[in-house]
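Novice: Structure file coords_3.cif (mmCIF, C-alpha atoms and all ligand atoms) is given on the next line.
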data_structure
#
loop_
_atom_site.label_atom_id
_atom_site.label_comp_id
_atom_site.auth_asym_id
_atom_site.auth_seq_id
_atom_site.Cartn_x
_atom_site.Cartn_y
_atom_site.Cartn_z
CA MET A 19 20.40 -18.05 -5.13
CA PRO A 20 21.23 -16.27 -8.40
CA ASP A 21 22.11 -12.87 -6.98
CA SER A 22 25.05 -12.36 -9.28
CA SER A 23 22.74 -11.80 -12.24
CA PHE A 24 21.39 -8.64 -10.61
CA ASP A 25 22.54 -5.16 -11.23
CA ASN A 26 20.78 -1.88 -10.90
CA PRO A 27 20.48 -0.90 -14.58
CA ALA A 28 19.03 -4.27 -15.60
CA PHE A 29 16.55 -4.28 -12.74
CA SER A 30 15.54 -0.69 -13.39
CA ALA A 31 14.89 -1.48 -17.05
CA ALA A 32 12.69 -4.42 -16.07
CA LEU A 33 10.86 -2.29 -13.54
CA GLN A 34 10.26 0.45 -16.08
CA SER A 35 8.85 -2.05 -18.50
CA VAL A 36 6.48 -3.49 -15.86
CA GLN A 37 5.41 0.01 -14.85
CA ALA A 38 4.75 0.84 -18.50
CA ARG A 39 2.57 -2.27 -18.83
CA ILE A 40 0.62 -1.29 -15.71
CA ALA A 41 0.21 2.27 -16.99
CA ALA A 42 -0.97 1.07 -20.41
CA ALA A 43 -3.43 -1.39 -18.86
CA CYS A 44 -4.78 1.34 -16.59
CA ALA A 45 -5.11 3.75 -19.52
CA ALA A 46 -6.99 1.12 -21.53
CA ALA A 47 -9.34 0.56 -18.58
CA GLY A 48 -9.76 4.25 -17.79
CA ARG A 49 -8.10 3.74 -14.41
CA ASP A 50 -5.62 5.81 -12.43
CA PRO A 51 -2.24 3.99 -12.40
CA ALA A 52 -1.94 4.95 -8.73
CA SER A 53 -4.88 2.60 -8.04
CA VAL A 54 -2.71 -0.46 -8.75
CA ARG A 55 0.04 -1.44 -6.31
CA LEU A 56 3.05 -3.40 -7.47
CA LEU A 57 4.11 -6.27 -5.23
CA ALA A 58 7.54 -7.62 -6.20
CA VAL A 59 7.58 -11.40 -5.84
CA SER A 60 11.10 -12.20 -4.70
CA LYS A 61 10.72 -15.93 -3.97
CA THR A 62 13.82 -17.96 -4.87
CA PHE A 63 15.89 -14.78 -5.24
CA GLY A 64 18.32 -13.77 -2.53
CA PRO A 65 18.53 -10.73 -0.29
CA GLU A 66 20.79 -8.87 -2.71
CA ALA A 67 18.10 -8.98 -5.37
CA VAL A 68 15.67 -7.45 -2.89
CA ARG A 69 18.22 -4.75 -2.07
CA VAL A 70 18.52 -3.87 -5.73
CA ALA A 71 14.74 -3.72 -6.02
CA ARG A 72 14.56 -1.52 -2.93
CA GLN A 73 17.11 0.85 -4.44
CA ALA A 74 14.97 1.01 -7.57
CA GLY A 75 12.08 2.19 -5.40
CA LEU A 76 10.11 -0.94 -4.49
CA SER A 77 9.26 -1.65 -0.88
CA ALA A 78 6.62 -4.41 -0.87
CA PHE A 79 7.78 -7.98 -1.45
CA GLY A 80 5.91 -11.25 -1.81
CA GLU A 81 7.27 -14.60 -0.65
CA ASN A 82 5.89 -18.14 -0.91
CA TYR A 83 8.19 -20.22 1.26
CA ILE A 84 8.14 -19.27 4.93
CA GLN A 85 11.64 -20.37 5.94
CA GLU A 86 13.23 -18.77 2.92
CA ALA A 87 11.29 -15.58 3.59
CA VAL A 88 12.24 -15.33 7.26
CA ALA A 89 15.93 -15.79 6.44
CA LYS A 90 15.66 -13.01 3.86
CA MET A 91 13.89 -10.70 6.31
CA GLU A 92 16.67 -11.22 8.82
CA ALA A 93 19.32 -10.46 6.20
CA LEU A 94 17.44 -7.28 5.27
CA ALA A 95 16.48 -6.11 8.75
CA ASP A 96 18.19 -2.76 8.09
CA LEU A 97 15.59 -1.90 5.41
CA ALA A 98 11.97 -0.86 5.95
CA LEU A 99 10.18 -3.42 3.80
CA GLU A 100 6.60 -4.68 3.72
CA TRP A 101 6.49 -8.48 3.43
CA HIS A 102 3.48 -10.34 2.03
CA CYS A 103 3.00 -14.07 2.44
CA ILE A 104 1.58 -15.33 -0.85
CA GLY A 105 2.28 -19.05 -0.46
CA PRO A 106 0.08 -21.81 0.95
CA ILE A 107 0.05 -21.99 4.75
CA GLN A 108 -0.20 -25.23 6.68
CA SER A 109 -1.92 -24.95 10.01
CA ASN A 110 1.24 -26.00 11.88
CA LYS A 111 3.24 -23.23 10.14
CA THR A 112 1.16 -20.23 11.11
CA ARG A 113 3.41 -18.91 13.89
CA PRO A 114 6.34 -17.68 11.77
CA VAL A 115 3.83 -16.09 9.42
CA ALA A 116 2.06 -14.29 12.28
CA GLU A 117 5.37 -13.15 13.73
CA HIS A 118 7.18 -11.96 10.61
CA PHE A 119 4.84 -10.82 7.85
CA ALA A 120 2.83 -7.61 7.51
CA TRP A 121 0.34 -9.19 5.10
CA VAL A 122 -0.98 -12.67 4.36
CA GLN A 123 -2.84 -13.06 1.09
CA THR A 124 -3.55 -16.80 1.20
CA VAL A 125 -6.00 -17.29 4.04
CA ASP A 126 -8.70 -19.71 2.91
CA ARG A 127 -9.75 -21.48 6.12
CA LEU A 128 -11.05 -20.17 9.44
CA LYS A 129 -8.70 -22.41 11.39
CA ILE A 130 -5.67 -20.74 9.79
CA ALA A 131 -7.14 -17.29 10.41
CA GLN A 132 -7.82 -18.07 14.08
CA ARG A 133 -4.28 -19.30 14.62
CA LEU A 134 -2.80 -16.27 12.89
CA SER A 135 -4.88 -13.96 15.07
CA GLU A 136 -3.92 -15.80 18.27
CA GLN A 137 -0.25 -15.84 17.34
CA ARG A 138 0.09 -12.27 16.12
CA PRO A 139 2.45 -10.59 18.60
CA ALA A 140 0.79 -7.83 20.63
CA GLU A 141 3.49 -5.30 19.79
CA LEU A 142 2.89 -5.58 16.04
CA PRO A 143 0.03 -3.98 14.11
CA PRO A 144 -2.79 -6.33 13.11
CA LEU A 145 -1.92 -8.75 10.33
CA GLN A 146 -3.35 -7.50 7.03
CA VAL A 147 -5.26 -10.33 5.38
CA CYS A 148 -6.64 -11.16 1.97
CA LEU A 149 -8.83 -14.22 1.59
CA GLN A 150 -7.78 -16.44 -1.27
CA VAL A 151 -10.74 -17.38 -3.38
CA ASN A 152 -10.92 -20.16 -5.94
CA VAL A 153 -12.71 -18.45 -8.82
CA ASP A 154 -12.09 -21.06 -11.49
CA GLY A 155 -12.21 -24.39 -9.64
CA GLY A 156 -8.49 -24.28 -10.43
CA SER A 157 -6.10 -27.17 -10.42
CA THR A 158 -4.34 -26.25 -7.18
CA LYS A 159 -7.66 -26.35 -5.31
CA ALA A 160 -6.32 -23.64 -3.00
CA GLY A 161 -8.76 -20.93 -2.06
CA ILE A 162 -12.22 -20.79 -0.57
CA ALA A 163 -15.19 -21.61 -2.80
CA PRO A 164 -17.09 -18.44 -3.75
CA GLU A 165 -20.28 -19.71 -2.04
CA ALA A 166 -18.43 -20.05 1.27
CA LEU A 167 -16.71 -16.68 1.09
CA PRO A 168 -19.27 -14.48 2.89
CA GLU A 169 -19.30 -16.71 5.95
CA LEU A 170 -15.50 -16.90 6.13
CA ALA A 171 -15.26 -13.12 5.68
CA ARG A 172 -17.67 -12.52 8.56
CA ALA A 173 -15.74 -14.87 10.84
CA VAL A 174 -12.37 -13.34 9.92
CA ARG A 175 -13.71 -9.86 10.49
CA ALA A 176 -14.40 -10.80 14.11
CA LEU A 177 -10.80 -11.87 14.81
CA PRO A 178 -9.06 -9.19 16.87
CA ARG A 179 -5.52 -9.36 15.49
CA LEU A 180 -6.39 -9.59 11.80
CA ARG A 181 -7.54 -6.87 9.45
CA LEU A 182 -9.39 -8.11 6.41
CA ARG A 183 -8.20 -6.09 3.41
CA GLY A 184 -9.75 -7.96 0.52
CA LEU A 185 -9.40 -10.92 -1.81
CA MET A 186 -6.68 -12.66 -3.72
CA CYS A 187 -6.87 -15.21 -6.52
CA ILE A 188 -4.51 -17.27 -8.68
CA PRO A 189 -6.63 -18.61 -11.53
CA ASP A 190 -5.16 -21.06 -14.01
CA PRO A 191 -3.97 -19.60 -17.32
CA GLN A 192 -6.67 -19.32 -19.97
CA PRO A 193 -6.29 -19.68 -23.73
CA ASP A 194 -6.61 -15.96 -24.36
CA ALA A 195 -6.83 -12.58 -22.65
CA VAL A 196 -10.61 -12.36 -23.01
CA ALA A 197 -11.11 -15.65 -21.17
CA MET A 198 -8.55 -14.62 -18.56
CA GLN A 199 -10.31 -11.33 -17.94
CA ALA A 200 -13.64 -13.15 -17.56
CA VAL A 201 -12.17 -15.30 -14.76
CA PHE A 202 -10.69 -12.27 -13.01
CA ALA A 203 -14.06 -10.54 -13.36
CA ARG A 204 -15.60 -13.22 -11.12
CA ALA A 205 -13.19 -12.20 -8.36
CA ARG A 206 -14.14 -8.58 -8.95
CA VAL A 207 -17.82 -9.42 -8.44
CA LEU A 208 -17.00 -11.16 -5.16
CA PHE A 209 -14.85 -8.22 -4.08
CA ASP A 210 -17.64 -5.75 -4.85
CA GLY A 211 -20.02 -7.97 -2.88
CA LEU A 212 -17.69 -7.96 0.11
CA ARG A 213 -17.47 -4.18 -0.01
CA ALA A 214 -21.24 -3.89 -0.24
CA ASP A 215 -21.64 -6.17 2.81
CA TRP A 216 -19.18 -4.01 4.71
CA ALA A 217 -20.59 -0.64 3.64
CA GLY A 218 -20.21 1.75 6.56
CA LEU A 219 -17.77 -0.51 8.39
CA ASP A 220 -14.17 0.48 8.91
CA PRO A 221 -11.93 -0.43 7.25
CA LEU A 222 -13.66 -1.13 3.97
CA PRO A 223 -11.78 -3.89 2.10
CA ASP A 224 -9.63 -2.11 -0.47
CA THR A 225 -7.43 -4.80 -1.98
CA LEU A 226 -8.13 -7.10 -4.90
CA SER A 227 -4.87 -8.97 -5.42
CA MET A 228 -4.74 -10.53 -8.86
CA GLY A 229 -2.45 -10.52 -11.88
CA MET A 230 1.06 -11.89 -12.34
CA SER A 231 3.75 -11.37 -15.00
CA ALA A 232 1.79 -13.14 -17.73
CA ASP A 233 -1.67 -11.75 -17.08
CA LEU A 234 -1.45 -8.39 -15.35
CA GLU A 235 -3.29 -6.61 -18.19
CA ALA A 236 -6.36 -8.84 -17.91
CA ALA A 237 -6.31 -8.49 -14.12
CA ILE A 238 -6.13 -4.70 -14.25
CA ALA A 239 -8.91 -4.60 -16.82
CA ALA A 240 -11.04 -6.58 -14.35
CA GLY A 241 -10.26 -4.29 -11.43
CA SER A 242 -7.10 -5.58 -9.73
CA THR A 243 -5.65 -3.18 -7.14
CA LEU A 244 -2.47 -5.15 -6.52
CA VAL A 245 -0.44 -7.12 -9.05
CA ARG A 246 2.10 -9.70 -7.87
CA ILE A 247 5.04 -9.65 -10.26
CA GLY A 248 8.01 -12.00 -10.10
CA SER A 249 9.65 -13.10 -13.32
CA ALA A 250 8.97 -9.90 -15.27
CA LEU A 251 11.06 -8.06 -12.65
CA PHE A 252 13.67 -10.55 -11.48
CA GLY A 253 13.91 -12.84 -14.51
CA ALA A 254 13.15 -16.52 -14.77
CA ARG A 255 13.24 -18.38 -11.49
CA PRO A 256 15.65 -21.25 -11.05
CA VAL A 257 13.84 -24.55 -11.31
CA LYS A 258 13.30 -25.75 -7.79
CA PRO A 259 15.18 -28.90 -6.93
CA ALA A 260 12.85 -31.86 -6.81
CA ALA A 261 11.35 -32.49 -3.40
CA VAL A 262 13.11 -35.16 -1.41
CA VAL A 263 10.95 -38.26 -1.53
CA PRO A 264 11.19 -41.25 0.77
CA SER A 265 13.12 -44.10 -0.75
CA ALA A 266 11.23 -45.68 -3.60
CA GLY A 267 10.04 -49.22 -3.71
CA ILE A 268 8.08 -49.42 -0.49
CA PRO A 269 5.10 -51.61 -1.36
CA GLY A 270 1.82 -49.92 -0.84
CA GLY A 271 3.73 -46.65 -0.07
C1 LIG A 301 5.26 -16.85 -7.97
C2 LIG A 301 3.99 -16.13 -7.75
C3 LIG A 301 3.73 -14.90 -8.38
C4 LIG A 301 4.65 -14.27 -9.39
O1 LIG A 301 4.58 -14.97 -10.59
P1 LIG A 301 5.29 -14.42 -11.93
O2 LIG A 301 4.60 -15.17 -12.99
O3 LIG A 301 6.74 -14.76 -11.80
O4 LIG A 301 5.05 -12.96 -11.99
C5 LIG A 301 2.56 -14.25 -8.07
N1 LIG A 301 1.67 -14.75 -7.18
C6 LIG A 301 1.89 -15.93 -6.56
C7 LIG A 301 0.88 -16.44 -5.60
C8 LIG A 301 3.03 -16.65 -6.84
O5 LIG A 301 3.22 -17.83 -6.23
#
Reformat the file's structure so that it appears as structure tokens.
Ligand SMILES: *Cc1c(COP(=O)(O)O)cnc(C)c1O

Specialist:
Amino acid sequence: MPDSSFDNPAFSAALQSVQARIAAACAAAGRDPASVRLLAVSKTFGPEAVRVARQAGLSAFGENYIQEAVAKMEALADLALEWHCIGPIQSNKTRPVAEHFAWVQTVDRLKIAQRLSEQRPAELPPLQVCLQVNVDGGSTKAGIAPEALPELARAVRALPRLRLRGLMCIPDPQPDAVAMQAVFARARVLFDGLRADWAGLDPLPDTLSMGMSADLEAAIAAGSTLVRIGSALFGARPVKPAAVVPSAGIPGG
């Protein structure tokens, strides 16, 4: 993991530049910058990078790969950090998520939600959950279809060890900022609908997680309350080694 490229001044400069982008986007949208949380996406970067980020003032970190994340949490157990799972979750991998993370932003099936609720240790606070919604029919196909969202939200709300905090989306890049904002705006409509359905219930969903390094301005313009920023803070990620594939040449594979 490329920890050696990290030092405090370089990270602080990157952080300042991200914070300036958030502030400018909020100003343009007439929003309070305090209404947008910054989640630092530390996937592929080692514990020392997270330490540097913590020293610069960040305390919430997003991770995609469960094993990598748990190893990092153990290496950083001396720090009070809030870990968010932002990667896809297979139903046989829910236990480490339930046991180690504070938040999961990628719940898109009831089965996963039920397992997370059952497996959440009693001594921990409820797992904070965002439902991932597929607002653009995007290529990854992850996320619940907008039509199915209200039913999933109702079912998740009934699970005792989860707390539904809002929605998350990862739309595909669009040709320009206007088109990008229009896609994010669909998530905003769904989020507002969820809040209207829950009016008077506690807690009211308060989190609309959208926007990454390349598109945080469009996301904030559309109402994002949490941007997930990796490369603009930590630099380019190393290209992941190709997945190990079974030996080639097996007929009919
Ligand atoms: C990697 C990742 C990010 C951060 O992406 P950057 O473009 O590096 O800011 C945000 N959200 C999710 C779900 C990711 O997988």

Novice: Using all atoms listed in the file, which residues sit within 9 Å of stretch 163-178 of chain A once same-chain residues fewer than 6 positions away are excluded, as a PDB file with C-alpha atoms, keeping the file's coordinate frame?

Specialist:
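See selection.pdb below for the written result:
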ATOM      1  CA  ASP A 126      -8.700 -19.710   2.910  1.00  0.00           C
ATOM      2  CA  ARG A 127      -9.750 -21.480   6.120  1.00  0.00           C
ATOM      3  CA  LEU A 128     -11.050 -20.170   9.440  1.00  0.00           C
ATOM      4  CA  ALA A 131      -7.140 -17.290  10.410  1.00  0.00           C
ATOM      5  CA  GLN A 132      -7.820 -18.070  14.080  1.00  0.00           C
ATOM      6  CA  SER A 135      -4.880 -13.960  15.070  1.00  0.00           C
ATOM      7  CA  GLU A 136      -3.920 -15.800  18.270  1.00  0.00           C
ATOM      8  CA  PRO A 144      -2.790  -6.330  13.110  1.00  0.00           C
ATOM      9  CA  VAL A 147      -5.260 -10.330   5.380  1.00  0.00           C
ATOM     10  CA  LEU A 149      -8.830 -14.220   1.590  1.00  0.00           C
ATOM     11  CA  VAL A 151     -10.740 -17.380  -3.380  1.00  0.00           C
ATOM     12  CA  ASN A 152     -10.920 -20.160  -5.940  1.00  0.00           C
ATOM     13  CA  VAL A 153     -12.710 -18.450  -8.820  1.00  0.00           C
ATOM     14  CA  GLY A 155     -12.210 -24.390  -9.640  1.00  0.00           C
ATOM     15  CA  ALA A 205     -13.190 -12.200  -8.360  1.00  0.00           C
ATOM     16  CA  LEU A 208     -17.000 -11.160  -5.160  1.00  0.00           C
ATOM     17  CA  GLY A 211     -20.020  -7.970  -2.880  1.00  0.00           C
ATOM     18  CA  LEU A 212     -17.690  -7.960   0.110  1.00  0.00           C
ATOM     19  CA  ASP A 215     -21.640  -6.170   2.810  1.00  0.00           C
TER      20      ASP A 215
END

Novice: To check your reading of the model: which residues sit at most 10 Å from ligand LIG 301 (chain A) when counting all atoms listed in the file? Write the answer as a ChimeraX atom specification.

Specialist: /A:57-62,80-83,103-106,123-124,150,186-189,227-234,245-255

Novice: Those residues with C-alpha atoms, as a short mmCIF file (atom, residue, chain, number, x, y, z; two decimals), in the frame of the given file please?

Specialist:
data_model
loop_
_atom_site.label_atom_id
_atom_site.label_comp_id
_atom_site.auth_asym_id
_atom_site.auth_seq_id
_atom_site.Cartn_x
_atom_site.Cartn_y
_atom_site.Cartn_z
CA LEU A 57 4.11 -6.27 -5.23
CA ALA A 58 7.54 -7.62 -6.20
CA VAL A 59 7.58 -11.40 -5.84
CA SER A 60 11.10 -12.20 -4.70
CA LYS A 61 10.72 -15.93 -3.97
CA THR A 62 13.82 -17.96 -4.87
CA GLY A 80 5.91 -11.25 -1.81
CA GLU A 81 7.27 -14.60 -0.65
CA ASN A 82 5.89 -18.14 -0.91
CA TYR A 83 8.19 -20.22 1.26
CA CYS A 103 3.00 -14.07 2.44
CA ILE A 104 1.58 -15.33 -0.85
CA GLY A 105 2.28 -19.05 -0.46
CA PRO A 106 0.08 -21.81 0.95
CA GLN A 123 -2.84 -13.06 1.09
CA THR A 124 -3.55 -16.80 1.20
CA GLN A 150 -7.78 -16.44 -1.27
CA MET A 186 -6.68 -12.66 -3.72
CA CYS A 187 -6.87 -15.21 -6.52
CA ILE A 188 -4.51 -17.27 -8.68
CA PRO A 189 -6.63 -18.61 -11.53
CA SER A 227 -4.87 -8.97 -5.42
CA MET A 228 -4.74 -10.53 -8.86
CA GLY A 229 -2.45 -10.52 -11.88
CA MET A 230 1.06 -11.89 -12.34
CA SER A 231 3.75 -11.37 -15.00
CA ALA A 232 1.79 -13.14 -17.73
CA ASP A 233 -1.67 -11.75 -17.08
CA LEU A 234 -1.45 -8.39 -15.35
CA VAL A 245 -0.44 -7.12 -9.05
CA ARG A 246 2.10 -9.70 -7.87
CA ILE A 247 5.04 -9.65 -10.26
CA GLY A 248 8.01 -12.00 -10.10
CA SER A 249 9.65 -13.10 -13.32
CA ALA A 250 8.97 -9.90 -15.27
CA LEU A 251 11.06 -8.06 -12.65
CA PHE A 252 13.67 -10.55 -11.48
CA GLY A 253 13.91 -12.84 -14.51
CA ALA A 254 13.15 -16.52 -14.77
CA ARG A 255 13.24 -18.38 -11.49
#

Novice: May I ask which of the residues A:Arg183, A:His102, A:His118, A:Lys90 is the closest one to A:Ala67, counting only C-alpha atoms?

Specialist: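 Ranked by minimum distance to A:Ala67, first place goes to A:Lys90.
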
Novice: Give the answer as one residue: which of A:Ala93, A:Gln192, A:Gln37, A:Ala120 has the shortest atom-to-atom distance to A:Pro143, using all atoms listed in the file?

Specialist: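 Counting all atoms listed in the file, the residue closest to A:Pro143 is A:Ala120.
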
Novice: Residues at most 10 Å from A:Gly48, counting only C-alpha atoms, excluding those fewer than 5 positions away in the same chain, as a PyMOL selection string?

Specialist: chain A and resi 42-43+239

Novice: How would the residues just chosen look if you wrote them out with C-alpha atoms as a PDB file, in the coordinates of the input?

Specialist:
ATOM      1  CA  ALA A  42      -0.970   1.070 -20.410  1.00  0.00           C
ATOM      2  CA  ALA A  43      -3.430  -1.390 -18.860  1.00  0.00           C
ATOM      3  CA  ALA A 239      -8.910  -4.600 -16.820  1.00  0.00           C
TER       4      ALA A 239
END

Novice: Do you have the atom CA of A:Leu56-atom CA of A:Trp216 distance handy?

Specialist: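 Pair atom CA of A:Leu56 / atom CA of A:Trp216 returns 25.4 Å.
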
Novice: Tell me which of A:Phe202, A:Trp121, A:Phe29, A:Phe209 sits closest to A:Arg72, counting all atoms listed in the file.

Specialist: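 Nearest candidate to A:Arg72 out of A:Phe202, A:Trp121, A:Phe29, A:Phe209: A:Phe29.
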